[in-house]
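Trainee: What follows is the file work-v6.cif, containing mmCIF, C-alpha atoms:
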data_data
#
loop_
_atom_site.group_PDB
_atom_site.id
_atom_site.type_symbol
_atom_site.label_atom_id
_atom_site.label_comp_id
_atom_site.auth_asym_id
_atom_site.auth_seq_id
_atom_site.Cartn_x
_atom_site.Cartn_y
_atom_site.Cartn_z
ATOM 1 C CA MET A 60 -104.451 7.679 52.489
ATOM 2 C CA LEU A 61 -102.909 4.229 52.430
ATOM 3 C CA HIS A 62 -105.195 1.635 54.010
ATOM 4 C CA ILE A 63 -103.287 -1.392 55.320
ATOM 5 C CA VAL A 64 -105.273 -4.554 56.048
ATOM 6 C CA ASN A 65 -103.686 -7.588 57.707
ATOM 7 C CA LYS A 66 -106.605 -9.840 58.694
ATOM 8 C CA SER A 67 -108.173 -12.549 56.558
ATOM 9 C CA PRO A 68 -111.645 -11.758 55.203
ATOM 10 C CA TYR A 69 -112.610 -15.184 56.561
ATOM 11 C CA GLU A 70 -111.644 -14.142 60.091
ATOM 12 C CA ARG A 71 -112.626 -10.491 60.487
ATOM 13 C CA ASN A 72 -114.539 -7.726 58.728
ATOM 14 C CA SER A 73 -111.507 -5.407 58.570
ATOM 15 C CA LEU A 74 -111.473 -5.401 54.772
ATOM 16 C CA THR A 75 -115.181 -4.594 54.571
ATOM 17 C CA SER A 76 -114.722 -1.648 56.952
ATOM 18 C CA CYS A 77 -111.660 -0.489 55.062
ATOM 19 C CA LEU A 78 -113.372 -0.550 51.677
ATOM 20 C CA ALA A 79 -116.354 1.361 53.087
ATOM 21 C CA HIS A 80 -114.003 4.208 54.062
ATOM 22 C CA ALA A 81 -111.375 4.138 51.313
ATOM 23 C CA GLN A 82 -111.729 7.015 48.889
ATOM 24 C CA LYS A 83 -110.445 7.837 45.456
ATOM 25 C CA GLY A 84 -106.862 9.032 45.676
ATOM 26 C CA GLY A 85 -106.072 6.463 48.329
ATOM 27 C CA ALA A 86 -104.818 2.909 48.063
ATOM 28 C CA VAL A 87 -105.317 -0.437 49.806
ATOM 29 C CA LEU A 88 -102.427 -2.707 50.773
ATOM 30 C CA LEU A 89 -103.158 -6.302 51.768
ATOM 31 C CA ILE A 90 -100.558 -7.928 53.997
ATOM 32 C CA GLU A 91 -100.279 -11.079 56.117
ATOM 33 C CA ASP A 92 -103.534 -13.108 56.017
ATOM 34 C CA ALA A 93 -105.387 -10.287 54.228
ATOM 35 C CA VAL A 94 -103.722 -11.431 50.987
ATOM 36 C CA TYR A 95 -106.412 -14.153 50.831
ATOM 37 C CA ALA A 96 -108.774 -11.328 49.828
ATOM 38 C CA ALA A 97 -106.731 -10.792 46.650
ATOM 39 C CA THR A 98 -107.441 -14.264 45.284
ATOM 40 C CA ARG A 99 -109.941 -15.415 42.688
ATOM 41 C CA GLY A 100 -112.917 -17.377 43.938
ATOM 42 C CA GLY A 101 -112.763 -16.092 47.501
ATOM 43 C CA VAL A 102 -115.371 -14.292 49.575
ATOM 44 C CA ALA A 103 -113.714 -10.934 48.913
ATOM 45 C CA GLU A 104 -113.336 -11.209 45.134
ATOM 46 C CA ALA A 105 -116.376 -9.056 44.290
ATOM 47 C CA PRO A 106 -115.550 -6.294 46.802
ATOM 48 C CA ILE A 107 -111.928 -6.213 45.627
ATOM 49 C CA ARG A 108 -113.013 -5.964 41.988
ATOM 50 C CA ARG A 109 -115.321 -3.062 42.883
ATOM 51 C CA ALA A 110 -112.536 -1.347 44.827
ATOM 52 C CA LEU A 111 -110.184 -1.687 41.851
ATOM 53 C CA GLN A 112 -112.527 0.524 39.827
ATOM 54 C CA ALA A 113 -111.824 3.446 42.178
ATOM 55 C CA LEU A 114 -108.381 2.906 43.682
ATOM 56 C CA PRO A 115 -105.283 0.749 43.465
ATOM 57 C CA VAL A 116 -105.123 -2.442 45.481
ATOM 58 C CA TYR A 117 -101.761 -3.979 46.357
ATOM 59 C CA ALA A 118 -100.801 -7.310 47.907
ATOM 60 C CA LEU A 119 -97.490 -8.046 49.602
ATOM 61 C CA GLY A 120 -95.671 -10.599 47.440
ATOM 62 C CA PRO A 121 -93.804 -12.444 50.196
ATOM 63 C CA ASP A 122 -97.107 -13.006 52.034
ATOM 64 C CA LEU A 123 -98.763 -14.322 48.852
ATOM 65 C CA GLU A 124 -95.835 -16.674 48.299
ATOM 66 C CA ALA A 125 -95.811 -17.875 51.913
ATOM 67 C CA ARG A 126 -99.455 -18.899 51.495
ATOM 68 C CA GLY A 127 -99.054 -20.313 47.977
ATOM 69 C CA MET A 128 -101.586 -17.839 46.593
ATOM 70 C CA GLN A 129 -99.594 -15.951 43.929
ATOM 71 C CA ALA A 130 -101.083 -17.974 41.034
ATOM 72 C CA ASN A 131 -104.681 -17.133 42.051
ATOM 73 C CA LEU A 132 -104.341 -13.359 42.131
ATOM 74 C CA ILE A 133 -107.297 -11.243 40.999
ATOM 75 C CA GLU A 134 -106.440 -9.378 37.818
ATOM 76 C CA GLY A 135 -105.584 -5.772 38.609
ATOM 77 C CA VAL A 136 -104.193 -6.368 42.092
ATOM 78 C CA GLN A 137 -100.587 -5.213 42.065
ATOM 79 C CA VAL A 138 -97.914 -7.204 43.882
ATOM 80 C CA VAL A 139 -95.286 -5.312 45.851
ATOM 81 C CA ASP A 140 -92.224 -6.458 47.750
ATOM 82 C CA PHE A 141 -91.053 -5.003 51.075
ATOM 83 C CA GLY A 142 -89.379 -2.108 49.268
ATOM 84 C CA GLY A 143 -92.676 -1.396 47.502
ATOM 85 C CA PHE A 144 -94.436 -1.448 50.875
ATOM 86 C CA VAL A 145 -92.045 1.244 52.115
ATOM 87 C CA ASP A 146 -92.550 3.243 48.910
ATOM 88 C CA LEU A 147 -96.339 3.145 49.365
ATOM 89 C CA VAL A 148 -96.060 4.396 52.935
ATOM 90 C CA ALA A 149 -93.753 7.205 51.781
ATOM 91 C CA GLU A 150 -96.065 8.168 48.879
ATOM 92 C CA HIS A 151 -99.126 8.625 51.090
ATOM 93 C CA ARG A 152 -99.246 11.400 53.658
ATOM 94 C CA THR A 153 -101.336 9.306 56.018
ATOM 95 C CA ASN A 154 -102.010 5.624 56.571
ATOM 96 C CA GLN A 155 -104.563 3.597 58.450
ATOM 97 C CA SER A 156 -104.062 0.067 59.698
ATOM 98 C CA TRP A 157 -107.243 -1.982 59.829
ATOM 99 C CA LEU A 158 -106.918 -4.609 62.557
#
Can I see the file as structure tokens?

Mentor:
Amino acid sequence: MLHIVNKSPYERNSLTSCLAHAQKGGAVLLIEDAVYAATRGGVAEAPIRRALQALPVYALGPDLEARGMQANLIEGVQVVDFGGFVDLVAEHRTNQSWL
């Protein structure tokens, strides 16, 4: 399953809920304000690092760039463009958006 999170970890607990349910074989995609979770020094750094041990975590590049966060990316988080977003959706039989 592809888990898509779009809310900032500073605003909502969507990422926390997502990571509690994400299982090996799935993936997490951070879009919109959720890309703040993919940055070093933030409140979500430790949970993201733990998640990376079990499943891939992706961040949408254009959203990172729009927020000026691309230089602070946590090592291991993979950046995808819009085409990569589509590929991830196509690769996973199911997806869940965490609002």

Trainee: Determine, counting all atoms listed in the file, every residue of protein, DNA or RNA that lies within 7 Å of (-105.7, -4.1, 48.8) in the file coordinates, then give the result as a VMD selection string.

Mentor: chain A and resid 87 to 89 116 to 118

Trainee: Near Met60 in chain A, within 12 Å and counting all atoms listed in the file, which residues show up once chain neighbours fewer than 3 positions away are dropped, as JSON, numbers by chain?

Mentor: {"A": [63, 77, 80, 81, 82, 83, 84, 85, 86, 87, 88, 114, 115, 147, 148, 149, 150, 151, 152, 153, 154, 155, 156]}

Trainee: Take CA of Ala96 in chain A and CA of Gln112 in chain A and report the distance between them in Å, one decimal.

Mentor: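 A separation of 16.0 Å between them.
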
Trainee: The PyMOL selection byres ((chain A and resi 123) around 10) - which residues does that actually catch in the file I just gave you? List them as a PyMOL selection string.

Mentor: chain A and resi 89-95+97-98+118-122+124-132+138

Trainee: Please, what distance in Å, to one decimal, runs between CA of Ala103 in chain A and CA of Glu134 in chain A?

Mentor: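 Spanning CA of Ala103 in chain A to CA of Glu134 in chain A is a straight-line distance of 13.4 Å.
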
Trainee: Quick one: everything within 9 Å of Trp157 in chain A, counting only C-alpha atoms, minus sequence neighbours fewer than 2 positions away in the same chain. Send it as a VMD selection string.

Mentor: chain A and resid 62 to 66 73 to 74 76 to 77 155

Trainee: Smallest atom-to-atom distance to Ile133 in chain A: which of A:Val145, A:Glu104, A:Leu158, A:Ala113, using all atoms listed in the file?

Mentor: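 Counting all atoms listed in the file, the residue closest to Ile133 in chain A is A:Glu104.
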
Trainee: To one decimal place, how far is CA of Gly100 in chain A from CA of Gly142 in chain A in Å?

Mentor: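 The value is 28.6 Å.
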